[in-house]
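coords_6.cif follows (mmCIF, C-alpha atoms (C1' of nucleotides)):
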```cif
data_run
#
loop_
_atom_site.label_atom_id
_atom_site.label_comp_id
_atom_site.auth_asym_id
_atom_site.auth_seq_id
_atom_site.Cartn_x
_atom_site.Cartn_y
_atom_site.Cartn_z
CA MET L 1 -19.44 -27.90 -9.92
CA SER L 2 -17.82 -30.83 -8.12
CA GLU L 3 -14.44 -30.50 -6.51
CA GLU L 4 -12.75 -32.46 -9.31
CA GLU L 5 -14.51 -30.46 -11.97
CA LYS L 6 -13.43 -27.26 -10.30
CA ILE L 7 -9.82 -28.39 -10.20
CA GLU L 8 -9.98 -29.36 -13.87
CA TYR L 9 -11.55 -26.01 -14.67
CA ILE L 10 -8.81 -24.12 -12.82
CA SER L 11 -6.13 -26.21 -14.48
CA SER L 12 -7.47 -25.25 -17.88
CA ILE L 13 -7.49 -21.57 -16.95
CA LEU L 14 -3.87 -21.82 -15.84
CA ARG L 15 -2.80 -23.79 -18.91
CA GLU L 16 -4.38 -21.17 -21.14
CA LYS L 17 -2.02 -18.67 -19.59
CA ASP L 18 1.00 -20.97 -19.94
CA ILE L 19 1.13 -21.70 -16.25
CA SER L 20 1.72 -25.29 -15.30
CA PRO L 21 -1.03 -26.24 -12.86
CA SER L 22 0.83 -27.33 -9.76
CA LEU L 23 -0.99 -28.28 -6.58
CA GLN L 24 -0.05 -25.01 -4.90
CA ARG L 25 -1.11 -22.85 -7.80
CA ILE L 26 -4.44 -24.62 -8.19
CA GLN L 27 -5.20 -24.32 -4.50
CA ILE L 28 -4.28 -20.65 -4.36
CA TYR L 29 -6.47 -19.92 -7.37
CA LYS L 30 -9.27 -22.00 -5.88
CA TYR L 31 -8.95 -20.13 -2.61
CA LEU L 32 -9.43 -16.83 -4.42
CA MET L 33 -12.44 -18.24 -6.24
CA ASP L 34 -14.07 -19.65 -3.12
CA ASN L 35 -13.22 -16.79 -0.77
CA GLN L 36 -14.01 -13.56 -2.48
CA VAL L 37 -13.18 -11.53 0.58
CA HIS L 38 -10.04 -9.91 -0.85
CA PRO L 39 -7.66 -11.89 1.29
CA ASN L 40 -4.13 -10.78 2.03
CA VAL L 41 -1.13 -13.08 1.73
CA ASP L 42 -1.30 -14.11 5.35
CA MET L 43 -4.94 -15.19 5.18
CA ILE L 44 -4.28 -17.28 2.09
CA TYR L 45 -1.21 -18.84 3.68
CA ARG L 46 -2.80 -19.58 7.06
CA ASP L 47 -5.80 -21.28 5.50
CA LEU L 48 -3.99 -23.25 2.83
CA VAL L 49 -1.15 -24.48 5.04
CA LYS L 50 -3.76 -26.64 6.78
CA LYS L 51 -4.30 -28.47 3.51
CA ILE L 52 -0.71 -28.27 2.24
CA PRO L 53 1.50 -28.44 5.33
CA THR L 54 4.71 -27.82 3.39
CA LEU L 55 3.38 -24.62 1.83
CA SER L 56 5.56 -21.56 2.28
CA LYS L 57 4.65 -17.90 2.18
CA THR L 58 7.22 -17.39 -0.54
CA THR L 59 5.19 -19.64 -2.80
CA VAL L 60 2.06 -17.66 -2.07
CA TYR L 61 3.94 -14.47 -2.96
CA ASN L 62 5.47 -16.01 -6.07
CA THR L 63 2.19 -17.44 -7.26
CA LEU L 64 0.24 -14.25 -6.75
CA LYS L 65 2.91 -12.29 -8.58
CA LEU L 66 2.71 -14.79 -11.43
CA PHE L 67 -1.08 -14.59 -11.53
CA GLN L 68 -0.83 -10.81 -11.52
CA SER L 69 1.53 -10.76 -14.46
CA LYS L 70 -0.87 -13.01 -16.38
CA ASP L 71 -3.83 -10.83 -15.48
CA LEU L 72 -5.57 -13.53 -13.50
CA VAL L 73 -5.84 -11.53 -10.31
CA SER L 74 -5.81 -7.87 -9.44
CA VAL L 75 -4.21 -6.25 -6.45
CA ILE L 76 -6.27 -4.08 -4.18
CA THR L 77 -4.26 -1.41 -2.41
CA ILE L 78 -7.10 0.08 -0.39
CA GLU L 79 -5.20 -0.84 2.75
CA GLU L 80 -2.18 1.30 3.46
CA ASN L 81 -0.01 -1.48 4.79
CA GLU L 82 -0.73 -4.59 2.79
CA ALA L 83 -1.86 -5.87 -0.58
CA ARG L 84 -5.09 -7.74 -1.01
CA TYR L 85 -6.02 -9.95 -3.91
CA ASP L 86 -9.08 -10.34 -6.06
CA ILE L 87 -9.89 -12.71 -8.89
CA HIS L 88 -10.00 -10.61 -12.01
CA THR L 89 -13.59 -10.08 -13.00
CA HIS L 90 -15.71 -7.21 -14.25
CA LEU L 91 -15.13 -3.62 -13.11
CA HIS L 92 -16.35 -3.07 -9.58
CA GLY L 93 -15.61 -0.80 -6.68
CA HIS L 94 -14.38 -1.63 -3.20
CA PHE L 95 -15.80 -0.17 -0.03
CA LYS L 96 -13.79 -0.34 3.15
CA CYS L 97 -15.43 0.21 6.50
CA LEU L 98 -13.20 2.30 8.74
CA ASN L 99 -14.84 0.81 11.82
CA CYS L 100 -15.04 -2.97 11.29
CA GLY L 101 -12.41 -3.16 8.54
CA LYS L 102 -14.61 -5.16 6.18
CA ILE L 103 -14.06 -4.64 2.47
CA PHE L 104 -16.99 -5.32 0.14
CA ASP L 105 -17.60 -5.02 -3.57
CA PHE L 106 -20.15 -2.85 -5.26
CA ASP L 107 -21.13 -2.50 -8.87
CA ILE L 108 -20.14 0.50 -10.89
CA GLU L 109 -22.28 1.44 -13.84
CA GLU L 110 -19.78 3.71 -15.39
CA LEU L 111 -16.78 5.80 -14.52
CA LYS L 112 -17.23 9.27 -15.94
CA PHE L 113 -14.11 11.32 -16.40
CA ASP L 114 -12.50 13.47 -19.04
CA PRO L 115 -12.54 11.35 -22.23
CA MET L 116 -9.13 12.75 -23.16
CA ILE L 117 -7.62 10.58 -20.43
CA GLU L 118 -8.75 7.47 -22.24
CA LYS L 119 -7.87 8.87 -25.66
CA GLU L 120 -4.34 10.00 -24.86
CA ASN L 121 -3.25 7.32 -22.43
CA LYS L 122 -3.56 3.57 -22.42
CA ILE L 123 -5.62 2.31 -19.50
CA ILE L 124 -4.67 -1.08 -18.13
CA ASP L 125 -6.41 -1.15 -14.78
CA GLN L 126 -8.95 0.95 -12.89
CA GLN L 127 -9.77 0.86 -9.20
CA LEU L 128 -12.39 2.77 -7.29
CA TYR L 129 -12.02 2.77 -3.53
CA ILE L 130 -14.48 4.22 -1.08
CA LYS L 131 -13.81 4.45 2.62
CA GLY L 132 -16.38 5.18 5.24
CA TYR L 133 -18.74 3.46 7.65
CA CYS L 134 -20.83 0.50 6.56
CA LYS L 135 -24.54 0.01 7.10
CA GLU L 136 -24.10 -2.53 9.91
CA CYS L 137 -21.66 -0.33 11.85
CA ILE L 138 -23.90 2.72 11.48
CA GLU L 139 -26.87 0.74 12.84
CA LYS L 140 -24.79 -0.58 15.70
CA MET L 141 -23.57 2.93 16.57
CA ASN L 142 -27.12 4.28 16.50
CA LYS L 143 -28.34 1.53 18.83
CA GLU L 144 -25.54 2.27 21.29
CA LYS L 145 -26.61 5.90 21.43
CA GLU L 146 -30.10 5.01 22.63
CA MET G 147 1.53 35.25 -2.38
CA SER G 148 4.84 36.14 -0.76
CA GLU G 149 6.76 33.61 1.28
CA GLU G 150 5.77 35.29 4.54
CA GLU G 151 2.15 35.50 3.52
CA LYS G 152 2.18 31.85 2.61
CA ILE G 153 3.61 30.89 5.98
CA GLU G 154 1.02 33.03 7.73
CA TYR G 155 -1.68 31.41 5.62
CA ILE G 156 -0.49 27.91 6.46
CA SER G 157 -0.25 28.80 10.14
CA SER G 158 -3.88 29.89 10.13
CA ILE G 159 -4.93 26.64 8.45
CA LEU G 160 -3.10 24.65 11.10
CA ARG G 161 -4.43 26.72 13.98
CA GLU G 162 -7.96 26.22 12.70
CA LYS G 163 -7.41 22.50 13.15
CA ASP G 164 -5.88 22.97 16.62
CA ILE G 165 -2.40 22.18 15.41
CA SER G 166 0.33 24.43 16.74
CA PRO G 167 2.23 25.70 13.72
CA SER G 168 5.78 24.55 14.32
CA LEU G 169 8.54 25.14 11.78
CA GLN G 170 8.48 21.49 10.71
CA ARG G 171 4.73 21.30 10.34
CA ILE G 172 4.57 24.51 8.34
CA GLN G 173 7.33 23.38 6.02
CA ILE G 174 5.80 19.95 5.45
CA TYR G 175 2.44 21.52 4.67
CA LYS G 176 4.13 24.07 2.40
CA TYR G 177 5.99 21.28 0.62
CA LEU G 178 2.71 19.54 -0.15
CA MET G 179 1.25 22.81 -1.40
CA ASP G 180 4.21 23.66 -3.61
CA ASN G 181 4.91 20.15 -4.88
CA GLN G 182 1.68 18.59 -5.92
CA VAL G 183 3.39 15.48 -7.22
CA HIS G 184 2.08 13.13 -4.53
CA PRO G 185 5.39 12.75 -2.76
CA ASN G 186 6.19 9.84 -0.52
CA VAL G 187 7.77 10.26 2.91
CA ASP G 188 11.29 9.89 1.56
CA MET G 189 10.88 12.64 -1.03
CA ILE G 190 9.50 15.03 1.56
CA TYR G 191 12.28 14.18 3.97
CA ARG G 192 15.14 14.40 1.47
CA ASP G 193 14.05 17.79 0.19
CA LEU G 194 13.21 19.37 3.52
CA VAL G 195 16.28 18.16 5.38
CA LYS G 196 18.25 20.59 3.19
CA LYS G 197 16.32 23.46 4.76
CA ILE G 198 15.94 21.92 8.23
CA PRO G 199 19.10 19.87 8.84
CA THR G 200 17.84 18.45 12.14
CA LEU G 201 14.65 17.11 10.58
CA SER G 202 13.96 13.44 11.16
CA LYS G 203 11.83 11.04 9.20
CA THR G 204 9.89 10.29 12.34
CA THR G 205 8.69 13.88 12.38
CA VAL G 206 7.61 13.61 8.78
CA TYR G 207 5.67 10.45 9.62
CA ASN G 208 4.18 11.98 12.77
CA THR G 209 3.19 15.16 11.01
CA LEU G 210 1.57 13.43 8.06
CA LYS G 211 -0.36 11.19 10.41
CA LEU G 212 -1.51 14.26 12.32
CA PHE G 213 -2.53 16.03 9.11
CA GLN G 214 -4.38 12.91 8.02
CA SER G 215 -6.33 12.70 11.25
CA LYS G 216 -7.32 16.35 10.83
CA ASP G 217 -8.33 15.79 7.22
CA LEU G 218 -5.70 18.13 5.83
CA VAL G 219 -4.10 15.57 3.55
CA SER G 220 -5.22 12.36 1.94
CA VAL G 221 -3.18 9.24 1.45
CA ILE G 222 -2.84 7.79 -1.99
CA THR G 223 -2.26 4.05 -1.99
CA ILE G 224 -1.93 3.58 -5.72
CA GLU G 225 1.58 2.25 -5.13
CA GLU G 226 1.70 -1.19 -3.63
CA ASN G 227 4.66 -0.57 -1.39
CA GLU G 228 4.43 2.98 -0.07
CA ALA G 229 2.02 5.73 0.84
CA ARG G 230 1.91 8.96 -1.07
CA TYR G 231 0.39 12.19 0.15
CA ASP G 232 -1.86 14.80 -1.37
CA ILE G 233 -3.22 18.06 -0.04
CA HIS G 234 -6.92 17.55 0.43
CA THR G 235 -8.75 19.28 -2.38
CA HIS G 236 -11.71 18.50 -4.63
CA LEU G 237 -12.45 14.98 -5.88
CA HIS G 238 -10.01 13.93 -8.56
CA GLY G 239 -8.54 10.75 -9.93
CA HIS G 240 -4.93 9.57 -10.06
CA PHE G 241 -3.31 8.05 -13.10
CA LYS G 242 -0.11 6.07 -12.64
CA CYS G 243 2.11 5.32 -15.61
CA LEU G 244 3.40 1.76 -15.38
CA ASN G 245 6.41 2.71 -17.51
CA CYS G 246 7.79 5.98 -16.12
CA GLY G 247 6.11 5.75 -12.72
CA LYS G 248 4.66 9.26 -12.88
CA ILE G 249 1.39 9.87 -11.09
CA PHE G 250 -0.82 12.67 -12.33
CA ASP G 251 -4.24 14.02 -11.42
CA PHE G 252 -7.26 14.16 -13.60
CA ASP G 253 -10.69 15.64 -13.07
CA ILE G 254 -13.69 13.45 -12.46
CA GLU G 255 -17.06 14.79 -13.42
CA GLU G 256 -19.02 12.26 -11.50
CA LEU G 257 -18.73 8.81 -10.02
CA LYS G 258 -21.72 6.77 -11.03
CA PHE G 259 -22.48 3.76 -8.91
CA ASP G 260 -25.43 2.19 -7.17
CA PRO G 261 -27.06 5.02 -5.17
CA MET G 262 -27.80 2.55 -2.38
CA ILE G 263 -24.13 2.57 -1.50
CA GLU G 264 -24.36 6.23 -0.64
CA LYS G 265 -27.73 5.87 1.02
CA GLU G 266 -26.89 2.95 3.28
CA ASN G 267 -23.27 3.67 4.14
CA LYS G 268 -21.45 6.81 5.15
CA ILE G 269 -18.80 7.80 2.64
CA ILE G 270 -15.75 9.53 4.07
CA ASP G 271 -13.25 9.29 1.23
CA GLN G 272 -13.25 8.20 -2.40
CA GLN G 273 -10.27 7.39 -4.58
CA LEU G 274 -10.18 6.50 -8.24
CA TYR G 275 -6.93 5.03 -9.50
CA ILE G 276 -6.09 4.27 -13.08
CA LYS G 277 -2.95 2.47 -14.13
CA GLY G 278 -1.62 2.27 -17.64
CA TYR G 279 0.77 4.00 -19.99
CA CYS G 280 0.90 7.77 -20.25
CA LYS G 281 0.81 9.83 -23.44
CA GLU G 282 4.54 10.64 -23.33
CA CYS G 283 5.59 7.02 -22.85
CA ILE G 284 3.29 5.84 -25.64
CA GLU G 285 4.82 8.43 -27.99
CA LYS G 286 8.31 7.42 -26.93
CA MET G 287 7.56 3.73 -27.51
CA ASN G 288 6.10 4.46 -30.94
CA LYS G 289 9.21 6.43 -31.93
CA GLU G 290 11.46 3.59 -30.84
CA LYS G 291 9.55 1.18 -33.05
CA GLU G 292 10.32 3.20 -36.19
"C1'" DA J 293 19.06 -35.67 -16.70
"C1'" DT J 294 17.19 -31.37 -17.10
"C1'" DC J 295 14.43 -27.64 -16.20
"C1'" DA J 296 10.81 -25.56 -13.45
"C1'" DT J 297 8.83 -25.12 -8.91
"C1'" DT J 298 9.06 -24.87 -4.11
"C1'" DG J 299 10.50 -23.26 0.34
"C1'" DC J 300 13.77 -21.85 3.91
"C1'" DA J 301 16.47 -18.08 5.71
"C1'" DA J 302 18.24 -13.78 5.22
"C1'" DA J 303 17.82 -9.31 3.46
"C1'" DC J 304 14.99 -5.22 2.43
"C1'" DA J 305 12.01 -1.27 2.73
"C1'" DC J 306 8.49 1.28 4.77
"C1'" DT J 307 6.47 2.44 9.06
"C1'" DT J 308 5.80 2.54 14.11
"C1'" DT J 309 7.27 2.68 18.93
"C1'" DG J 310 9.92 3.95 23.18
"C1'" DC J 311 12.19 7.20 25.22
"C1'" DA J 312 15.33 11.05 26.00
"C1'" DT J 313 16.20 15.77 24.52
"C1'" DA J 314 14.82 20.27 23.15
"C1'" DC J 315 11.47 23.85 22.53
"C1'" DG J 316 7.60 27.17 23.36
"C1'" DC J 317 4.46 29.61 26.29
"C1'" DG P 318 8.67 25.04 34.85
"C1'" DC P 319 5.56 22.23 32.30
"C1'" DG P 320 3.55 20.18 28.55
"C1'" DT P 321 4.18 19.48 23.77
"C1'" DA P 322 7.05 18.56 19.73
"C1'" DT P 323 11.12 16.54 17.95
"C1'" DG P 324 14.36 13.02 16.70
"C1'" DC P 325 17.33 9.08 17.41
"C1'" DA P 326 17.58 4.14 17.64
"C1'" DA P 327 15.39 -0.09 17.77
"C1'" DA P 328 11.66 -2.95 16.70
"C1'" DG P 329 7.90 -4.40 13.70
"C1'" DT P 330 5.69 -5.92 9.47
"C1'" DG P 331 4.89 -6.95 4.70
"C1'" DT P 332 7.60 -8.31 0.80
"C1'" DT P 333 11.62 -9.77 -2.01
"C1'" DT P 334 15.89 -12.27 -2.94
"C1'" DG P 335 19.47 -16.01 -3.01
"C1'" DC P 336 19.97 -20.44 -3.16
"C1'" DA P 337 19.50 -25.27 -2.16
"C1'" DA P 338 16.18 -29.06 -2.25
"C1'" DT P 339 12.53 -31.12 -4.49
"C1'" DG P 340 9.50 -32.49 -8.21
"C1'" DA P 341 7.97 -33.39 -12.99
"C1'" DT P 342 8.72 -35.02 -17.65
#
```

Written as structure tokens, that's how I'd like the structure from this file.
Amino acid sequence: MSEEEKIEYISSILREKDISPSLQRIQIYKYLMDNQVHPNVDMIYRDLVKKIPTLSKTTVYNTLKLFQSKDLVSVITIEENEARYDIHTHLHGHFKCLNCGKIFDFDIEELKFDPMIEKENKIIDQQLYIKGYCKECIEKMNKEKE
Amino acid sequence: MSEEEKIEYISSILREKDISPSLQRIQIYKYLMDNQVHPNVDMIYRDLVKKIPTLSKTTVYNTLKLFQSKDLVSVITIEENEARYDIHTHLHGHFKCLNCGKIFDFDIEELKFDPMIEKENKIIDQQLYIKGYCKECIEKMNKEKE
DNA sequence: ATCATTGCAAACACTTTGCATACGC
DNA sequence: GCGTATGCAAAGTGTTTGCAATGAT
């Protein structure tokens, strides 16, 4: 997809949700598409302000809140101190390495829990978070031991 | 279990983890035992300051951090803006009602995901969060419609 | 011209830090 | 008496709010 095509594609997604596709909104959405690393507000701001020098953090906050309310992005609260954002896709889990801080996705086949939960309550969003030590950090730690 | 027995029991748990069982620490642990509603720091502080008038929020923060590091409590980050605390027990999920704000536990039989995740990485903690509308709120909303 | 969007600055809320006081062995 | 635990006050950090300036149709 060319850059222009991508922008047109994003614009159509936004229009479908009754969001007027401003420069800032398109770029924030594009950033989330291109950088699926679950960025926080600061990362989004610091990278995009290079392209849009007048950009303010408030706009990033406003836009993400808008996207959230329209179900375009989901918030990941695996970190205790800050929100991270993810383009809304299929159900997947998030693994956070307690050593290097990296957060990566993994596929979930199925979440098995008491079916009454689903029957009695209305589920809007599900998040599975796993914390631990990632493959790379474990290997590094093992090497250091030698 | 009598009150004294409970305090003795908590003291032994703390001592096992090399934590000297001070009045504050015992009462914070007891609060988490007695009130399994996933309180935040403010709830713990507001209730306990009635019993311990000199209590400070700093102590609540310090103590919870200490308990966390000793694996006595787990932090629930289902809320975007604040941490909630839970006595460390068996694996269970948390459901948060987007209407009334209540958070309740539910049992998980099994978490099914790619076994490579478990093989390659070291899992320390797992959290499953579900957000939606709870039974009571759904019933209330349906009644209001009539 | 009007309405929506943006962005600055200030306010907010939760949490952490520095340091002096108080407590326990 | 000495080391740890406590608690006040201030600072820090992520986020929200109020409002004026800007932009789009």

**Report entry** All residues 9 Å or closer to DG340 (chain P), all atoms listed in the file, same chain fewer than 6 positions away omitted, as a ChimeraX atom specification
**Finding:** /J:296-298

Requested in this report: In Å, rounded to a single decimal, give me how far CA of Lys163 (chain G) is from CA of Lys135 (chain L).
Outcome: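 So the answer is 28.9 Å.
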
Query raised in the report: Could you spell out the hits of the PyMOL selection byres ((chain L) within 8 of (chain G)) on the shown file, as a VMD selection string?
Result: chain L and resid 77 to 83 106 to 114 117 120 to 135 138

Query raised in the report: Taking into account only C-alpha atoms (C1' of nucleotides), which residue in the set G:Val219, G:Val206, G:Leu160, G:Ile198 is nearest to chain J?
Result: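 For chain J, the nearest of the candidates is G:Val206.
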
Requested in this report: List the residues matched by the PyMOL selection byres ((chain J) within 9 of (chain G)) in the displayed structure as a list in words, ordered by chain and then by residue number.
Outcome: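 Evaluating the PyMOL selection byres ((chain J) within 9 of (chain G)) on these coordinates yields DA305, DC306, DT307 and DT308 of chain J.
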
Report task. Pull out every residue of chain P that has at least one atom within 9 Å of chain G, counting all atoms listed in the file, and report them as a list in words. Result ->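 My answer is DA322, DT323, DG324, DC325, DG331 and DT332 of chain P.
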
Report task. Determine, counting all atoms listed in the file, which protein, DNA and RNA residues have an atom within 12 Å of an atom of DA302 (chain J); residues of the same chain fewer than 6 positions away are not included. Present the result as a VMD selection string. Result -> chain P and resid 333 to 336

Please work out which residues fall within 6 Å of (8.4, -1.0, 15.7), coordinates as given in the file, with all atoms listed in the file counting, and return them as a compact mmCIF listing (two decimals) with C-alpha atoms (C1' of nucleotides), in the frame of the given file.
```txt
# COMPACT_ATOMS: atom_id res chain seq x y z
C1' DT J 308 5.80 2.54 14.11
C1' DT J 309 7.27 2.68 18.93
C1' DA P 328 11.66 -2.95 16.70
C1' DG P 329 7.90 -4.40 13.70
```

**Report entry** Selection as a list in words: residues within 12 Å of (15.2, 22.6, 3.9), counting all atoms listed in the file
**Finding:**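 Residues with an atom at most 12 Å from (15.2, 22.6, 3.9): Leu169, Gln170, Ile172, Gln173, Ile174, Lys176, Tyr177, Met189, Ile190, Tyr191, Arg192, Asp193, Leu194, Val195, Lys196, Lys197, Ile198, Pro199, Thr200, Leu201 and Ser202 of chain G.
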
Requested in this report: To one decimal in Å, tell me the separation between C1' of DA341 (chain P) and CA of Glu8 (chain L).
Outcome: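 Computing it gives 18.4 Å between the two atoms.
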
Query raised in the report: Could you state the separation of CA of Leu72 (chain L) and CA of Ile87 (chain L) in Å, given to one decimal place?
Result: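 Going from CA of Leu72 (chain L) over to CA of Ile87 (chain L), I get 6.4 Å.
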
Query raised in the report: Contacts of DA337 (chain P) at 12 Å or less, counting all atoms listed in the file, minus same-chain residues fewer than 3 places along, as a ChimeraX atom specification?
Result: /J:298-301

Report task. Extract, using only C-alpha atoms (C1' of nucleotides), all DNA, RNA and protein residues at most 10 Å from Gln182 (chain G), discarding same-chain residues fewer than 4 positions from it, and format them as a PyMOL selection string. Result -> chain G and resi 177-178+231-233+250-251

Could I get region 107-118 of chain L rebuilt with N, CA, C and O atoms, written as a compact mmCIF listing (two decimals), keeping the file's coordinate frame?
```txt
# COMPACT_ATOMS: atom_id res chain seq x y z
N ASP L 107 -21.16 -2.66 -7.42
CA ASP L 107 -21.13 -2.50 -8.87
C ASP L 107 -20.97 -1.04 -9.26
O ASP L 107 -21.45 -0.15 -8.58
N ILE L 108 -20.29 -0.84 -10.34
CA ILE L 108 -20.14 0.50 -10.89
C ILE L 108 -20.77 0.46 -12.28
O ILE L 108 -20.46 -0.41 -13.08
N GLU L 109 -21.67 1.40 -12.51
CA GLU L 109 -22.28 1.44 -13.84
C GLU L 109 -21.27 1.94 -14.86
O GLU L 109 -21.11 1.43 -15.94
N GLU L 110 -20.58 2.97 -14.43
CA GLU L 110 -19.78 3.71 -15.39
C GLU L 110 -18.85 4.64 -14.62
O GLU L 110 -19.23 5.19 -13.61
N LEU L 111 -17.67 4.81 -15.12
CA LEU L 111 -16.78 5.80 -14.52
C LEU L 111 -16.70 6.98 -15.48
O LEU L 111 -16.21 6.84 -16.59
N LYS L 112 -17.21 8.10 -15.04
CA LYS L 112 -17.23 9.27 -15.94
C LYS L 112 -16.08 10.20 -15.62
O LYS L 112 -15.99 10.76 -14.53
N PHE L 113 -15.17 10.31 -16.57
CA PHE L 113 -14.11 11.32 -16.40
C PHE L 113 -13.73 11.82 -17.78
O PHE L 113 -14.20 11.28 -18.80
N ASP L 114 -12.93 12.85 -17.80
CA ASP L 114 -12.50 13.47 -19.04
C ASP L 114 -12.11 12.42 -20.09
O ASP L 114 -11.17 11.66 -19.90
N PRO L 115 -12.82 12.37 -21.21
CA PRO L 115 -12.54 11.35 -22.23
C PRO L 115 -11.14 11.44 -22.82
O PRO L 115 -10.63 10.46 -23.37
N MET L 116 -10.50 12.61 -22.67
CA MET L 116 -9.13 12.75 -23.16
C MET L 116 -8.17 11.78 -22.45
O MET L 116 -7.20 11.32 -23.04
N ILE L 117 -8.46 11.51 -21.20
CA ILE L 117 -7.62 10.58 -20.43
C ILE L 117 -7.54 9.25 -21.15
O ILE L 117 -6.46 8.69 -21.36
N GLU L 118 -8.69 8.77 -21.59
CA GLU L 118 -8.75 7.47 -22.24
C GLU L 118 -8.17 7.53 -23.65
O GLU L 118 -7.64 6.55 -24.17
```
